[in-house]
file start.cif (mmCIF, C-alpha atoms)
data_my_file
#
loop_
_atom_site.label_atom_id
_atom_site.label_comp_id
_atom_site.auth_asym_id
_atom_site.auth_seq_id
_atom_site.Cartn_x
_atom_site.Cartn_y
_atom_site.Cartn_z
CA MET U 1 96.48 74.66 119.55
CA ALA U 2 93.31 74.93 117.46
CA ILE U 3 93.35 77.56 114.75
CA ARG U 4 91.25 80.62 115.60
CA THR U 5 88.62 82.31 113.46
CA THR U 6 87.15 85.80 113.40
CA PRO U 7 83.43 86.68 113.48
CA LEU U 8 83.67 87.20 109.70
CA HIS U 9 84.94 83.71 108.87
CA ALA U 10 81.69 82.65 107.16
CA ALA U 11 81.64 85.86 105.12
CA HIS U 12 85.11 85.14 103.75
CA ALA U 13 84.00 81.69 102.61
CA GLU U 14 80.91 83.23 101.00
CA HIS U 15 83.11 85.59 98.98
CA GLY U 16 85.43 82.79 97.85
CA ALA U 17 88.51 83.75 99.85
CA ARG U 18 91.60 81.57 99.92
CA MET U 19 92.31 81.06 103.60
CA VAL U 20 95.71 80.59 105.28
CA ASP U 21 97.04 80.08 108.79
CA PHE U 22 98.23 83.54 109.84
CA HIS U 23 99.92 83.23 113.24
CA GLY U 24 97.24 80.82 114.44
CA TRP U 25 94.31 82.58 112.74
CA ASP U 26 92.41 81.28 109.70
CA MET U 27 92.52 84.44 107.58
CA PRO U 28 91.81 85.39 103.94
CA VAL U 29 95.04 85.88 102.02
CA GLN U 30 93.27 86.75 98.76
CA TYR U 31 89.93 86.75 96.96
CA GLU U 32 90.62 87.66 93.32
CA GLY U 33 94.42 87.86 93.34
CA ILE U 34 96.91 89.95 95.30
CA LEU U 35 97.92 92.30 92.47
CA ASP U 36 94.34 92.90 91.32
CA GLU U 37 93.25 93.56 94.92
CA THR U 38 96.12 96.01 95.39
CA ARG U 39 95.04 97.89 92.26
CA ARG U 40 91.43 97.90 93.47
CA VAL U 41 92.31 99.57 96.77
CA ARG U 42 94.43 102.24 95.05
CA ALA U 43 91.75 103.01 92.43
CA HIS U 44 88.53 102.43 94.40
CA GLY U 45 88.72 100.82 97.83
CA GLY U 46 88.61 97.64 99.85
CA LEU U 47 87.37 96.04 103.07
CA PHE U 48 89.73 94.29 105.49
CA ASP U 49 88.93 91.95 108.37
CA LEU U 50 91.23 93.01 111.24
CA CYS U 51 89.40 91.25 114.06
CA HIS U 52 92.52 89.18 114.74
CA MET U 53 94.45 92.27 115.86
CA GLY U 54 94.73 93.23 119.52
CA ARG U 55 92.89 96.08 121.26
CA LEU U 56 93.49 97.45 124.74
CA VAL U 57 91.30 99.98 126.56
CA LEU U 58 92.81 101.84 129.53
CA THR U 59 90.64 103.60 132.10
CA GLY U 60 91.15 105.03 135.58
CA PRO U 61 93.05 107.99 137.08
CA ASP U 62 96.57 106.83 136.15
CA ARG U 63 95.81 105.58 132.64
CA GLU U 64 97.69 108.41 130.93
CA ALA U 65 100.67 108.13 133.27
CA LEU U 66 100.91 104.44 132.36
CA VAL U 67 100.76 105.25 128.64
CA GLU U 68 103.54 107.83 129.03
CA HIS U 69 105.62 105.18 130.80
CA VAL U 70 105.24 102.46 128.15
CA PHE U 71 104.62 104.38 124.90
CA SER U 72 107.60 105.82 123.01
CA GLY U 73 105.78 108.86 121.61
CA ASN U 74 104.93 112.07 123.44
CA PHE U 75 101.43 111.24 124.63
CA ALA U 76 101.04 114.42 126.71
CA THR U 77 100.92 116.61 123.58
CA LEU U 78 98.35 114.38 121.86
CA LYS U 79 94.97 116.11 121.78
CA HIS U 80 91.74 114.33 122.62
CA GLY U 81 90.27 112.83 119.48
CA ARG U 82 93.68 112.25 117.89
CA ALA U 83 95.86 109.17 117.36
CA LYS U 84 99.64 108.67 117.33
CA TYR U 85 102.03 105.95 116.11
CA GLY U 86 104.87 104.65 118.26
CA PHE U 87 106.35 101.67 120.07
CA LEU U 88 106.39 99.57 123.19
CA LEU U 89 110.13 99.27 123.86
CA ASN U 90 112.02 96.83 126.04
CA ASP U 91 114.66 98.05 128.48
CA GLU U 92 117.31 97.92 125.71
CA GLY U 93 115.26 100.19 123.45
CA PHE U 94 114.16 97.54 120.95
CA PRO U 95 110.48 97.33 119.98
CA ILE U 96 108.27 94.70 121.55
CA ASP U 97 105.60 95.96 119.16
CA ASP U 98 104.54 98.99 117.17
CA VAL U 99 101.17 100.42 118.17
CA LEU U 100 98.62 103.16 117.61
CA VAL U 101 97.27 105.02 120.63
CA TYR U 102 94.00 106.95 120.61
CA ARG U 103 93.38 109.54 123.31
CA GLU U 104 89.90 110.30 124.67
CA PRO U 105 88.83 112.34 127.72
CA GLU U 106 88.02 109.26 129.82
CA MET U 107 90.05 106.45 128.25
CA VAL U 108 92.93 105.46 125.99
CA HIS U 109 92.67 102.91 123.19
CA ILE U 110 95.77 101.02 122.02
CA VAL U 111 95.83 98.84 118.89
CA ILE U 112 98.52 96.15 118.91
CA ASN U 113 99.54 93.52 116.39
CA ALA U 114 97.87 90.11 116.30
CA THR U 115 101.14 88.43 117.24
CA GLY U 116 101.31 90.49 120.44
CA ARG U 117 97.76 90.18 121.74
CA GLU U 118 98.64 88.23 124.86
CA ALA U 119 102.32 89.12 125.32
CA ASP U 120 101.82 92.88 124.93
CA THR U 121 98.92 92.85 127.37
CA ALA U 122 100.95 90.95 129.96
CA TRP U 123 103.89 93.33 129.50
CA VAL U 124 101.72 96.43 130.01
CA HIS U 125 100.15 94.79 133.09
CA ASP U 126 103.61 94.04 134.48
CA ARG U 127 104.70 97.67 134.04
CA GLN U 128 101.47 98.85 135.64
CA THR U 129 102.00 96.60 138.66
CA ALA U 130 105.69 97.45 139.02
CA ARG U 131 104.94 101.18 139.21
CA GLY U 132 101.62 100.91 141.05
CA PHE U 133 99.57 102.85 138.48
CA ASP U 134 95.91 103.12 139.49
CA CYS U 135 94.13 102.16 136.29
CA ASN U 136 92.48 99.28 134.49
CA VAL U 137 93.99 97.65 131.41
CA ALA U 138 91.31 95.69 129.55
CA ASN U 139 92.11 93.45 126.59
CA VAL U 140 88.92 93.79 124.54
CA SER U 141 90.23 91.88 121.53
CA ASP U 142 87.85 88.93 121.93
CA ASP U 143 84.80 91.13 122.47
CA GLN U 144 85.33 93.71 119.76
CA ALA U 145 85.32 93.51 115.97
CA MET U 146 87.73 95.57 113.88
CA ILE U 147 87.12 96.32 110.20
CA ALA U 148 89.16 98.61 107.93
CA LEU U 149 87.72 100.40 104.91
CA GLN U 150 90.53 101.81 102.76
CA GLY U 151 90.76 103.63 99.44
CA PRO U 152 89.60 106.84 97.72
CA ALA U 153 85.93 105.79 97.81
CA SER U 154 85.96 105.02 101.55
CA GLU U 155 84.04 108.06 102.76
CA HIS U 156 81.37 107.58 100.08
CA VAL U 157 80.91 103.94 101.13
CA LEU U 158 80.73 104.57 104.86
CA GLN U 159 78.78 107.83 105.09
CA PRO U 160 75.36 106.38 104.14
CA LEU U 161 75.71 103.87 107.01
CA CYS U 162 77.13 106.30 109.57
CA GLY U 163 75.37 108.66 111.96
CA GLY U 164 78.30 111.09 112.11
CA ASP U 165 79.76 113.60 109.65
CA LEU U 166 82.82 111.87 108.20
CA SER U 167 83.92 114.96 106.29
CA ALA U 168 84.70 116.61 109.64
CA LEU U 169 87.01 113.76 110.72
CA ARG U 170 90.67 114.57 109.99
CA TYR U 171 93.42 112.07 109.16
CA TYR U 172 94.52 110.37 112.41
CA GLY U 173 91.39 111.67 114.12
CA HIS U 174 88.73 109.51 115.77
CA MET U 175 85.18 109.78 117.05
CA HIS U 176 82.14 107.83 118.22
CA ALA U 177 79.16 107.49 115.88
CA PRO U 178 76.64 104.75 115.08
CA VAL U 179 77.30 102.54 112.05
CA CYS U 180 74.29 100.53 110.92
CA GLY U 181 72.72 101.75 114.16
CA HIS U 182 75.43 100.18 116.36
CA ALA U 183 77.76 102.11 118.67
CA THR U 184 81.10 102.40 116.91
CA PHE U 185 84.49 103.90 117.69
CA MET U 186 86.04 104.93 114.38
CA ALA U 187 89.36 106.39 113.34
CA ARG U 188 90.58 107.87 110.07
CA THR U 189 93.64 105.66 110.09
CA GLY U 190 94.86 102.65 108.13
CA TYR U 191 97.74 100.57 106.85
CA THR U 192 97.59 101.12 103.09
CA GLY U 193 98.67 104.72 102.47
CA GLU U 194 95.14 105.55 101.30
CA ASP U 195 92.35 107.52 102.91
CA GLY U 196 90.09 105.32 104.98
CA PHE U 197 88.65 104.30 108.31
CA GLU U 198 89.09 101.67 110.98
CA LEU U 199 85.89 100.67 112.83
CA PHE U 200 85.68 99.13 116.31
CA PHE U 201 82.39 97.77 117.66
CA ASP U 202 80.75 94.79 119.39
CA LYS U 203 81.71 91.60 117.56
CA ALA U 204 78.07 90.41 117.53
CA HIS U 205 77.37 92.98 114.80
CA ALA U 206 80.36 92.11 112.59
CA PRO U 207 78.53 90.09 109.89
CA GLU U 208 75.79 92.73 109.60
CA VAL U 209 78.21 95.66 109.33
CA TRP U 210 80.47 93.79 106.89
CA ALA U 211 77.52 92.91 104.62
CA ALA U 212 76.25 96.50 104.72
CA LEU U 213 79.69 97.85 103.75
CA VAL U 214 79.93 95.32 100.90
CA ASP U 215 76.48 96.39 99.64
CA SER U 216 77.28 100.10 99.97
CA GLY U 217 80.56 99.65 98.12
CA ARG U 218 79.28 97.53 95.27
CA SER U 219 78.48 100.40 92.88
CA LEU U 220 81.85 102.00 93.73
CA GLU U 221 83.81 98.78 92.97
CA VAL U 222 84.84 98.37 96.60
CA LYS U 223 85.24 94.72 97.63
CA PRO U 224 86.77 92.53 100.38
CA ILE U 225 90.57 92.41 100.28
CA GLY U 226 92.95 89.79 101.68
CA LEU U 227 96.08 89.98 103.79
CA GLY U 228 98.34 89.49 100.76
CA ALA U 229 97.30 92.78 99.18
CA ARG U 230 97.32 94.49 102.56
CA ASP U 231 100.99 93.56 102.98
CA LEU U 232 101.87 94.83 99.50
CA LEU U 233 99.89 98.05 99.99
CA ARG U 234 101.70 98.87 103.23
CA LEU U 235 105.09 98.11 101.63
CA GLU U 236 104.33 100.47 98.73
CA ALA U 237 103.32 103.16 101.24
CA GLY U 238 106.47 102.69 103.33
CA MET U 239 104.77 101.30 106.43
CA PRO U 240 106.68 98.76 108.53
CA LEU U 241 105.65 95.22 109.39
CA TYR U 242 106.53 94.15 112.91
CA GLY U 243 108.84 91.14 112.81
CA GLN U 244 110.44 92.31 109.55
CA GLU U 245 111.20 96.05 109.33
CA ILE U 246 111.33 96.28 113.14
CA ASN U 247 111.82 93.59 115.74
CA LEU U 248 113.84 92.77 118.85
CA GLY U 249 117.00 93.12 116.74
CA ILE U 250 116.12 96.21 114.64
CA ASP U 251 115.35 99.39 116.55
CA PRO U 252 113.23 102.36 115.34
CA LEU U 253 116.31 104.44 114.47
CA GLU U 254 117.75 101.77 112.20
CA ALA U 255 114.33 101.26 110.62
CA GLY U 256 113.95 104.97 109.82
CA LEU U 257 111.07 105.30 112.29
CA GLY U 258 112.60 107.71 114.78
CA PHE U 259 109.55 109.99 114.35
CA GLY U 260 107.71 107.52 116.62
CA VAL U 261 110.05 108.20 119.54
CA ASP U 262 110.23 111.25 121.84
CA PHE U 263 113.88 111.21 122.90
CA THR U 264 113.33 113.87 125.57
CA LYS U 265 111.43 111.42 127.77
CA ASP U 266 113.42 109.93 130.64
CA ASP U 267 110.79 107.83 132.41
CA THR U 268 109.62 105.80 129.40
CA VAL U 269 110.81 102.22 129.14
CA GLY U 270 113.66 101.84 126.63
CA ILE U 271 114.13 105.47 125.63
CA PRO U 272 117.33 106.10 127.66
CA ALA U 273 118.98 103.08 126.00
CA LEU U 274 117.74 104.07 122.55
CA ARG U 275 118.88 107.67 123.08
CA ALA U 276 122.37 106.44 123.97
CA ARG U 277 122.54 104.50 120.70
CA LYS U 278 121.35 107.56 118.79
CA GLU U 279 124.11 109.67 120.33
CA ALA U 280 126.69 107.01 119.50
CA GLY U 281 125.44 106.78 115.90
CA SER U 282 123.58 103.92 114.24
CA THR U 283 125.67 101.38 112.37
CA ARG U 284 122.75 100.26 110.18
CA GLU U 285 120.02 101.99 108.22
CA ALA U 286 116.93 101.08 106.22
CA VAL U 287 116.84 101.68 102.46
CA SER U 288 114.26 101.29 99.70
CA LEU U 289 115.10 99.39 96.51
CA ALA U 290 113.37 99.13 93.13
CA GLN U 291 114.03 97.49 89.78
CA GLN U 292 112.14 96.96 86.52
CA GLY U 293 111.69 93.22 85.97
CA GLY U 294 113.92 90.39 87.14
CA ARG U 295 113.51 88.15 90.17
CA VAL U 296 111.36 89.28 93.07
CA PRO U 297 113.31 90.02 96.29
CA ARG U 298 112.03 88.31 99.42
CA THR U 299 112.59 88.64 103.15
CA GLY U 300 116.05 87.46 104.16
CA CYS U 301 117.74 87.79 100.76
CA PRO U 302 121.30 89.16 101.16
CA VAL U 303 122.08 92.68 99.92
CA VAL U 304 125.48 93.00 98.22
CA ALA U 305 127.35 96.26 97.60
CA GLY U 306 130.54 95.76 95.61
CA GLU U 307 131.84 92.43 96.84
CA GLU U 308 130.48 92.77 100.37
CA VAL U 309 127.25 91.51 101.88
CA VAL U 310 126.01 94.66 103.63
CA GLY U 311 122.58 93.62 104.85
CA GLU U 312 119.38 91.82 103.98
CA VAL U 313 115.91 92.39 102.58
CA THR U 314 113.22 92.86 105.23
CA SER U 315 110.23 92.90 102.81
CA GLY U 316 109.84 92.62 99.06
CA GLY U 317 107.28 92.15 96.33
CA VAL U 318 105.95 93.11 92.91
CA SER U 319 104.33 96.55 93.00
CA PRO U 320 101.52 97.06 90.49
CA THR U 321 101.33 100.71 91.55
CA VAL U 322 104.89 101.67 90.55
CA GLY U 323 105.30 98.85 88.01
CA LYS U 324 108.52 97.52 89.53
CA ASN U 325 109.88 94.96 91.96
CA ILE U 326 110.33 96.75 95.28
CA ALA U 327 112.02 95.96 98.57
CA ARG U 328 112.90 97.42 101.92
CA ALA U 329 116.27 96.38 103.38
CA ILE U 330 118.41 96.93 106.47
CA VAL U 331 122.05 97.56 105.52
CA LYS U 332 125.35 98.82 106.89
CA ALA U 333 125.13 102.61 107.30
CA GLY U 334 126.47 104.45 104.26
CA SER U 335 126.81 101.35 102.10
CA ALA U 336 123.80 102.04 99.84
CA PRO U 337 123.38 105.78 99.12
CA LEU U 338 120.40 107.12 97.18
CA GLY U 339 120.77 106.41 93.47
CA ALA U 340 123.34 103.64 93.93
CA THR U 341 122.97 100.15 92.49
CA VAL U 342 123.19 97.20 94.87
CA HIS U 343 122.56 93.52 94.20
CA ILE U 344 120.10 91.14 95.83
CA GLU U 345 121.25 87.55 96.07
CA ILE U 346 118.42 85.23 95.05
CA ARG U 347 119.14 81.50 94.79
CA GLY U 348 122.85 82.05 94.32
CA ARG U 349 122.60 84.77 91.67
CA ASN U 350 122.91 88.53 92.08
CA HIS U 351 120.16 90.79 90.75
CA PRO U 352 120.61 94.57 90.50
CA MET U 353 118.29 97.02 92.27
CA GLU U 354 118.48 100.80 92.58
CA VAL U 355 118.40 102.59 95.94
CA VAL U 356 115.36 104.88 95.64
CA ALA U 357 113.53 107.48 97.71
CA HIS U 358 111.21 106.28 100.46
CA PRO U 359 108.28 105.60 100.32
CA PHE U 360 107.54 104.05 96.95
CA TYR U 361 104.03 105.50 96.86
CA LYS U 362 102.36 108.55 98.41
CA ARG U 363 98.77 109.48 97.66
CA ALA U 364 97.87 112.99 96.55
CA ARG U 365 96.17 114.95 99.34
#
call {"tool": "encode", "arguments": {"input": "start.cif", "output": "structure tokens"}}
result
Amino acid sequence: MAIRTTPLHAAHAEHGARMVDFHGWDMPVQYEGILDETRRVRAHGGLFDLCHMGRLVLTGPDREALVEHVFSGNFATLKHGRAKYGFLLNDEGFPIDDVLVYREPEMVHIVINATGREADTAWVHDRQTARGFDCNVANVSDDQAMIALQGPASEHVLQPLCGGDLSALRYYGHMHAPVCGHATFMARTGYTGEDGFELFFDKAHAPEVWAALVDSGRSLEVKPIGLGARDLLRLEAGMPLYGQEINLGIDPLEAGLGFGVDFTKDDTVGIPALRARKEAGSTREAVSLAQQGGRVPRTGCPVVAGEEVVGEVTSGGVSPTVGKNIARAIVKAGSAPLGATVHIEIRGRNHPMEVVAHPFYKRAR
């Protein structure tokens, strides 16, 4: 299959990005270096091309009933103009994907991961058909651009280009307002732990909007940022990556993401099975690890407590924000209490890391 490109592909080349194959997409992994780009977002801000991610728009009389049936969170209590994080679960209560849902008076938006664009859409369609919900599920991923602007300077960069009052938009809120004169759905959400916005609009305008954001951010030291820094930023902020922290073998409870599940729901796919496991007690748990210096832990490295292999690293890297090597791991419940020292096996040698509080980084509000 031919590798796919986003509407911003030429802009990445113009800015000197190093491109990689990311699940079939030719995407920028870095521009100036992953650690420098991570520092830039924390201190100033950065622009991210997220056009490869999936977007669904649900309309029709039964749209909210369908969302309640497939979405793990309590959608009924979500106010219009607000967003919520949760999961699409299979019948056994394991996540098919983690998603953000945005509720509006006449429609529901769902953002899914790039790896689930087709499969997630088909799964939602199947559930809609099986229950006979009267609504339309449109995959708008190929028609819509998605750009994230993240970092403390974000509002200052976007406001001159935006026809709405950004200061009135709360965290995890969303609204419609023109950006560069083009109709835009925008949310105060993101994947870095910083303040910022995610913009959704017709893909035909992507190069124009991207260039305008780059120009507006120049004096504020806001620049394009690659997927490498995005992954490190989300790890520092304690945000999961589907396929690593959660997958078809690690459920939300084990991953420490139970806040994304409403266990009182009986008619939502997967919740009865997940609730039964919760009542029985999880045998595994997620922990955060940090260490000054030494080898960098990577996904799949064994975690050793005493003489026993108790789990494995799900994500790891060098954090310029906390100045340490950091990792998230899934381990046997109770084997790695806060403050304990465990060892990460890297190329046949054990390297100590301390079990620390989660997340590694939290911005001041």
call {"tool": "resolve_selection", "arguments": {"input": "start.cif", "expression": "the PyMOL selection byres ((chain U and resi 299) around 9)", "output": "PyMOL selection string"}}
result
chain U and resi 244+297-298+300-302+312-316+327-329
call {"tool": "closest_atom_pairs", "arguments": {"input": "start.cif", "of": "region 107-208 of chain U", "to": "region 59-81 of chain U", "cutoff": "10 Å", "atoms": "all atoms listed in the file", "output": "JSON lines"}}
result
{"residue": "U:Met107", "atom": "CA", "partner": "U:Thr59", "partner_atom": "CA", "distance": 4.8}
{"residue": "U:Val108", "atom": "CA", "partner": "U:Thr59", "partner_atom": "CA", "distance": 6.8}
{"residue": "U:His109", "atom": "CA", "partner": "U:Thr59", "partner_atom": "CA", "distance": 9.2}
{"residue": "U:Ile110", "atom": "CA", "partner": "U:Val67", "partner_atom": "CA", "distance": 9.3}
{"residue": "U:Trp123", "atom": "CA", "partner": "U:Val70", "partner_atom": "CA", "distance": 9.3}
{"residue": "U:Val124", "atom": "CA", "partner": "U:Val70", "partner_atom": "CA", "distance": 7.2}
{"residue": "U:His125", "atom": "CA", "partner": "U:Leu66", "partner_atom": "CA", "distance": 9.7}
{"residue": "U:Arg127", "atom": "CA", "partner": "U:Val70", "partner_atom": "CA", "distance": 7.6}
{"residue": "U:Gln128", "atom": "CA", "partner": "U:Leu66", "partner_atom": "CA", "distance": 6.5}
{"residue": "U:Arg131", "atom": "CA", "partner": "U:Leu66", "partner_atom": "CA", "distance": 8.6}
{"residue": "U:Gly132", "atom": "CA", "partner": "U:Asp62", "partner_atom": "CA", "distance": 9.2}
{"residue": "U:Phe133", "atom": "CA", "partner": "U:Asp62", "partner_atom": "CA", "distance": 5.5}
{"residue": "U:Asp134", "atom": "CA", "partner": "U:Asp62", "partner_atom": "CA", "distance": 5.0}
{"residue": "U:Cys135", "atom": "CA", "partner": "U:Gly60", "partner_atom": "CA", "distance": 4.2}
{"residue": "U:Asn136", "atom": "CA", "partner": "U:Thr59", "partner_atom": "CA", "distance": 5.3}
{"residue": "U:Val137", "atom": "CA", "partner": "U:Thr59", "partner_atom": "CA", "distance": 6.9}
{"residue": "U:Ala138", "atom": "CA", "partner": "U:Thr59", "partner_atom": "CA", "distance": 8.3}
{"residue": "U:Leu169", "atom": "CA", "partner": "U:Gly81", "partner_atom": "CA", "distance": 9.4}
{"residue": "U:Arg170", "atom": "CA", "partner": "U:Gly81", "partner_atom": "CA", "distance": 9.7}
{"residue": "U:Tyr172", "atom": "CA", "partner": "U:Gly81", "partner_atom": "CA", "distance": 8.6}
{"residue": "U:Gly173", "atom": "CA", "partner": "U:Gly81", "partner_atom": "CA", "distance": 5.6}
{"residue": "U:His174", "atom": "CA", "partner": "U:Gly81", "partner_atom": "CA", "distance": 5.2}
{"residue": "U:Met175", "atom": "CA", "partner": "U:Gly81", "partner_atom": "CA", "distance": 6.4}
{"residue": "U:His176", "atom": "CA", "partner": "U:Gly81", "partner_atom": "CA", "distance": 9.6}
{"residue": "U:Ala187", "atom": "CA", "partner": "U:Gly81", "partner_atom": "CA", "distance": 8.9}
call {"tool": "closest_residue", "arguments": {"input": "start.cif", "among": "U:Arg117, U:Arg277, U:Arg4, U:His156", "to": "Asp195 (chain U)", "atoms": "only C-alpha atoms"}}
result
U:His156
call {"tool": "residues_near_point", "arguments": {"input": "start.cif", "point": "(81.7, 93.9, 113.2)", "cutoff": "8 Å", "atoms": "all atoms listed in the file", "output": "list in words"}}
result
Pro7, Leu8, Gln144, Ala145, Met146, Ile147, Leu199, Phe200, Phe201, Asp202, Lys203, Ala204, His205, Ala206, Pro207, Glu208, Val209 and Trp210 of chain U
call {"tool": "closest_residue", "arguments": {"input": "start.cif", "among": "U:Lys332, U:Arg103, U:His343, U:Arg18", "to": "Ile34 (chain U)", "atoms": "all atoms listed in the file"}}
result
U:Arg18
call {"tool": "resolve_selection", "arguments": {"input": "start.cif", "expression": "the PyMOL selection byres ((chain U and resi 16) around 10)", "output": "MDAnalysis selection string"}}
result
chainID U and resid 11:15 17:19 28 30:32
call {"tool": "resolve_selection", "arguments": {"input": "start.cif", "expression": "the PyMOL selection byres ((chain U and resi 360) around 9)", "output": "JSON, numbers by chain"}}
result
{"U": [235, 236, 237, 238, 288, 289, 290, 321, 322, 326, 356, 357, 358, 359, 361, 362]}
call {"tool": "atom_distance", "arguments": {"input": "start.cif", "atom1": "CA of Lys265 (chain U)", "atom2": "CA of Ala122 (chain U)"}}
result
23.1 Å
call {"tool": "atom_distance", "arguments": {"input": "start.cif", "atom1": "CA of Leu257 (chain U)", "atom2": "CA of Glu285 (chain U)"}}
result
10.4 Å
call {"tool": "atom_distance", "arguments": {"input": "start.cif", "atom1": "CA of Val310 (chain U)", "atom2": "CA of Gly258 (chain U)"}}
result
21.8 Å
